[in-house]
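What follows is a single structure, written as structure tokens, with notes after it.
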Amino acid sequence: MKAITIADFLIDNRDNLTHNRLQREVYLINEIYFRKNNKSLFKENIYKLTQGPVIKEISRKYIRYGNKPINLKINHQFNIKDEDRNFLLKMSDILKEKSNIEINELIQASTAYKKTNKGKIIDKNLLKE
């Protein structure tokens, strides 16, 4: 699966996601998936930047929205296995209840995020810690 597929899926199933929030949620979803399955949901690199975790492929598509909600319905037939689809929906339901502060605290508590210097790629193997 590609990171952009996860981002598009979240946008299609949620309202009022901003670009920054989308990046953070994709990061957290991948971290939880990695801990559960000992593998990443996607191959793309995640960078630790000043604004938080960033996946460049997602930025290319959605950065133009800035801090405005991405209220776009893609209505795409996503090629996602049922097990992964259910996981994404469950995680989306959990994360949508979290405030931006709570999301930021979860990211700041992440070992992988803490151990990565700004501007560098986050080592996905650290996600299991």
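Ordered as shown in the structure tokens, chains take letters A, B, and onward, while each chain numbers its residues from 1 and ligands are numbered from 1 in the order shown.
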- Task: as an MDAnalysis selection string, list the residues of region 56-126 of chain A assigned to alpha helix (DSSP H) by DSSP on the backbone atoms of this structure.
- Result: chainID A and resid 56:62 82:96 100:109 111:114
Contacts between region 92-108 of chain A and region 14-69 of chain A, please, where a residue of region 14-69 of chain A counts if it comes within 10 Å (with only C-alpha atoms); show its shortest atom pair and distance in Å to one decimal, rows by chain and ascending number, as CSV.
residue,atom,partner,partner_atom,distance
A:Arg14,CA,A:Ser92,CA,8.0
A:Asp15,CA,A:Lys96,CA,9.4
A:Asn16,CA,A:Lys96,CA,9.8
A:Leu17,CA,A:Lys96,CA,9.0
A:Asn20,CA,A:Asn100,CA,9.9
A:Arg21,CA,A:Asn100,CA,7.6
A:Arg24,CA,A:Ile103,CA,7.4
A:Glu25,CA,A:Leu95,CA,7.2
A:Val26,CA,A:Ser92,CA,9.4
A:Tyr27,CA,A:Ile107,CA,8.3
A:Leu28,CA,A:Ile107,CA,7.1
A:Ile29,CA,A:Ser92,CA,8.3
A:Glu31,CA,A:Ile107,CA,9.7
A:Gly52,CA,A:Ile107,CA,8.1
A:Pro53,CA,A:Ile107,CA,8.3
How about saving the chosen residues, N, CA, C and O atoms kept, as an mmCIF file, in the first residue's frame?
data_model
loop_
_atom_site.group_PDB
_atom_site.id
_atom_site.type_symbol
_atom_site.label_atom_id
_atom_site.label_comp_id
_atom_site.auth_asym_id
_atom_site.auth_seq_id
_atom_site.Cartn_x
_atom_site.Cartn_y
_atom_site.Cartn_z
ATOM 1 N N ARG A 14 -13.490 11.028 6.385
ATOM 2 C CA ARG A 14 -13.497 12.010 7.475
ATOM 3 C C ARG A 14 -13.747 13.396 6.936
ATOM 4 O O ARG A 14 -13.535 13.683 5.769
ATOM 5 N N ASP A 15 -14.150 14.277 7.826
ATOM 6 C CA ASP A 15 -14.304 15.682 7.490
ATOM 7 C C ASP A 15 -13.274 16.493 8.264
ATOM 8 O O ASP A 15 -12.823 16.088 9.340
ATOM 9 N N ASN A 16 -12.927 17.619 7.719
ATOM 10 C CA ASN A 16 -12.119 18.632 8.403
ATOM 11 C C ASN A 16 -10.690 18.229 8.755
ATOM 12 O O ASN A 16 -10.119 18.763 9.703
ATOM 13 N N LEU A 17 -10.104 17.320 8.017
ATOM 14 C CA LEU A 17 -8.690 17.006 8.215
ATOM 15 C C LEU A 17 -7.848 18.069 7.517
ATOM 16 O O LEU A 17 -8.064 18.356 6.336
ATOM 17 N N ASN A 20 -1.615 19.148 7.933
ATOM 18 C CA ASN A 20 -0.746 18.812 9.062
ATOM 19 C C ASN A 20 -1.333 17.670 9.893
ATOM 20 O O ASN A 20 -0.638 16.724 10.260
ATOM 21 N N ARG A 21 -2.614 17.749 10.170
ATOM 22 C CA ARG A 21 -3.276 16.698 10.954
ATOM 23 C C ARG A 21 -3.235 15.367 10.198
ATOM 24 O O ARG A 21 -3.010 14.304 10.789
ATOM 25 N N ARG A 24 0.157 13.757 10.546
ATOM 26 C CA ARG A 24 0.347 13.224 11.897
ATOM 27 C C ARG A 24 -0.435 11.928 12.110
ATOM 28 O O ARG A 24 0.050 10.986 12.710
ATOM 29 N N GLU A 25 -1.655 11.903 11.599
ATOM 30 C CA GLU A 25 -2.471 10.700 11.768
ATOM 31 C C GLU A 25 -1.922 9.529 10.960
ATOM 32 O O GLU A 25 -1.909 8.397 11.442
ATOM 33 N N VAL A 26 -1.456 9.785 9.755
ATOM 34 C CA VAL A 26 -0.856 8.703 8.957
ATOM 35 C C VAL A 26 0.369 8.155 9.691
ATOM 36 O O VAL A 26 0.581 6.942 9.759
ATOM 37 N N TYR A 27 1.162 9.051 10.282
ATOM 38 C CA TYR A 27 2.340 8.618 11.051
ATOM 39 C C TYR A 27 1.911 7.725 12.221
ATOM 40 O O TYR A 27 2.457 6.639 12.407
ATOM 41 N N LEU A 28 0.943 8.177 13.006
ATOM 42 C CA LEU A 28 0.512 7.405 14.181
ATOM 43 C C LEU A 28 -0.114 6.074 13.785
ATOM 44 O O LEU A 28 0.135 5.047 14.418
ATOM 45 N N ILE A 29 -0.921 6.084 12.745
ATOM 46 C CA ILE A 29 -1.539 4.847 12.273
ATOM 47 C C ILE A 29 -0.459 3.851 11.864
ATOM 48 O O ILE A 29 -0.537 2.666 12.200
ATOM 49 N N GLU A 31 2.647 3.760 12.932
ATOM 50 C CA GLU A 31 3.379 3.311 14.116
ATOM 51 C C GLU A 31 2.608 2.211 14.849
ATOM 52 O O GLU A 31 3.178 1.186 15.227
ATOM 53 N N GLY A 52 6.518 18.535 12.259
ATOM 54 C CA GLY A 52 6.152 17.190 12.673
ATOM 55 C C GLY A 52 6.544 16.171 11.619
ATOM 56 O O GLY A 52 7.330 16.462 10.721
ATOM 57 N N PRO A 53 5.999 14.949 11.718
ATOM 58 C CA PRO A 53 6.315 13.917 10.736
ATOM 59 C C PRO A 53 5.705 14.271 9.379
ATOM 60 O O PRO A 53 4.554 14.710 9.308
#
Could the residues of region 36-67 of chain A that have an atom at most 7 Å from region 113-127 of chain A be listed as a Markdown table, each with its closest atom pair and the distance in Å to one decimal, counting only C-alpha atoms and ordered by chain and ascending residue number?
| residue | atom | partner | partner_atom | distance |
| --- | --- | --- | --- | --- |
| A:Asn45 | CA | A:Ile121 | CA | 6.3 |
| A:Ile46 | CA | A:Ile122 | CA | 5.6 |
| A:Tyr47 | CA | A:Ile121 | CA | 4.4 |
| A:Lys48 | CA | A:Lys118 | CA | 5.1 |
| A:Leu49 | CA | A:Lys118 | CA | 5.2 |
| A:Thr50 | CA | A:Lys118 | CA | 6.7 |
- Give the answer as one residue: which of A:Phe9, A:Glu83, A:Leu89, A:Glu57 has the shortest atom-to-atom distance to Asn37 (chain A), using only C-alpha atoms? A:Glu83
- All strand (DSSP E or B) residues (DSSP, backbone) inside chain A, as number ranges by chain: A: 47-49, 52-54, 121
- Item | Between CA of Asp8 (chain A) and CA of Ile70 (chain A), distance in Å (one decimal) | 10.2 Å
Write out as a CSV table (one decimal) with N, CA and C atoms, in the first residue's frame the residues lying within 12 Å of Lys36 (chain A), counting only C-alpha atoms and excluding same-chain residues fewer than 3 positions away.
chain,number,residue,atom,x,y,z
A,29,ILE,N,-0.9,6.1,12.7
A,29,ILE,CA,-1.5,4.8,12.3
A,29,ILE,C,-0.5,3.9,11.9
A,30,ASN,N,0.6,4.3,11.2
A,30,ASN,CA,1.6,3.4,10.7
A,30,ASN,C,2.4,2.9,11.9
A,31,GLU,N,2.6,3.8,12.9
A,31,GLU,CA,3.4,3.3,14.1
A,31,GLU,C,2.6,2.2,14.8
A,32,ILE,N,1.3,2.4,15.0
A,32,ILE,CA,0.5,1.4,15.7
A,32,ILE,C,0.4,0.1,14.9
A,33,TYR,N,0.3,0.2,13.6
A,33,TYR,CA,0.3,-0.9,12.7
A,33,TYR,C,1.6,-1.7,12.8
A,39,LYS,N,5.6,-4.7,10.8
A,39,LYS,CA,5.9,-4.2,9.4
A,39,LYS,C,5.2,-2.9,9.2
A,40,SER,N,5.7,-2.1,8.3
A,40,SER,CA,5.1,-0.8,8.0
A,40,SER,C,3.9,-1.0,7.0
A,41,LEU,N,3.0,-0.1,7.1
A,41,LEU,CA,1.8,-0.1,6.1
A,41,LEU,C,2.3,0.3,4.7
A,84,ASP,N,-6.9,-4.5,6.6
A,84,ASP,CA,-6.3,-3.2,6.7
A,84,ASP,C,-7.3,-2.1,6.7
A,87,PHE,N,-8.8,-1.8,10.1
A,87,PHE,CA,-7.8,-1.2,10.9
A,87,PHE,C,-7.8,0.3,10.7
A,127,LEU,N,9.9,2.2,15.2
A,127,LEU,CA,8.5,2.3,15.5
A,127,LEU,C,8.0,1.2,16.4
A,128,LYS,N,8.7,0.1,16.5
A,128,LYS,CA,8.3,-1.0,17.4
A,128,LYS,C,8.6,-0.7,18.8
A,129,GLU,N,9.5,0.3,19.1
A,129,GLU,CA,9.9,0.5,20.5
A,129,GLU,C,8.8,1.3,21.2
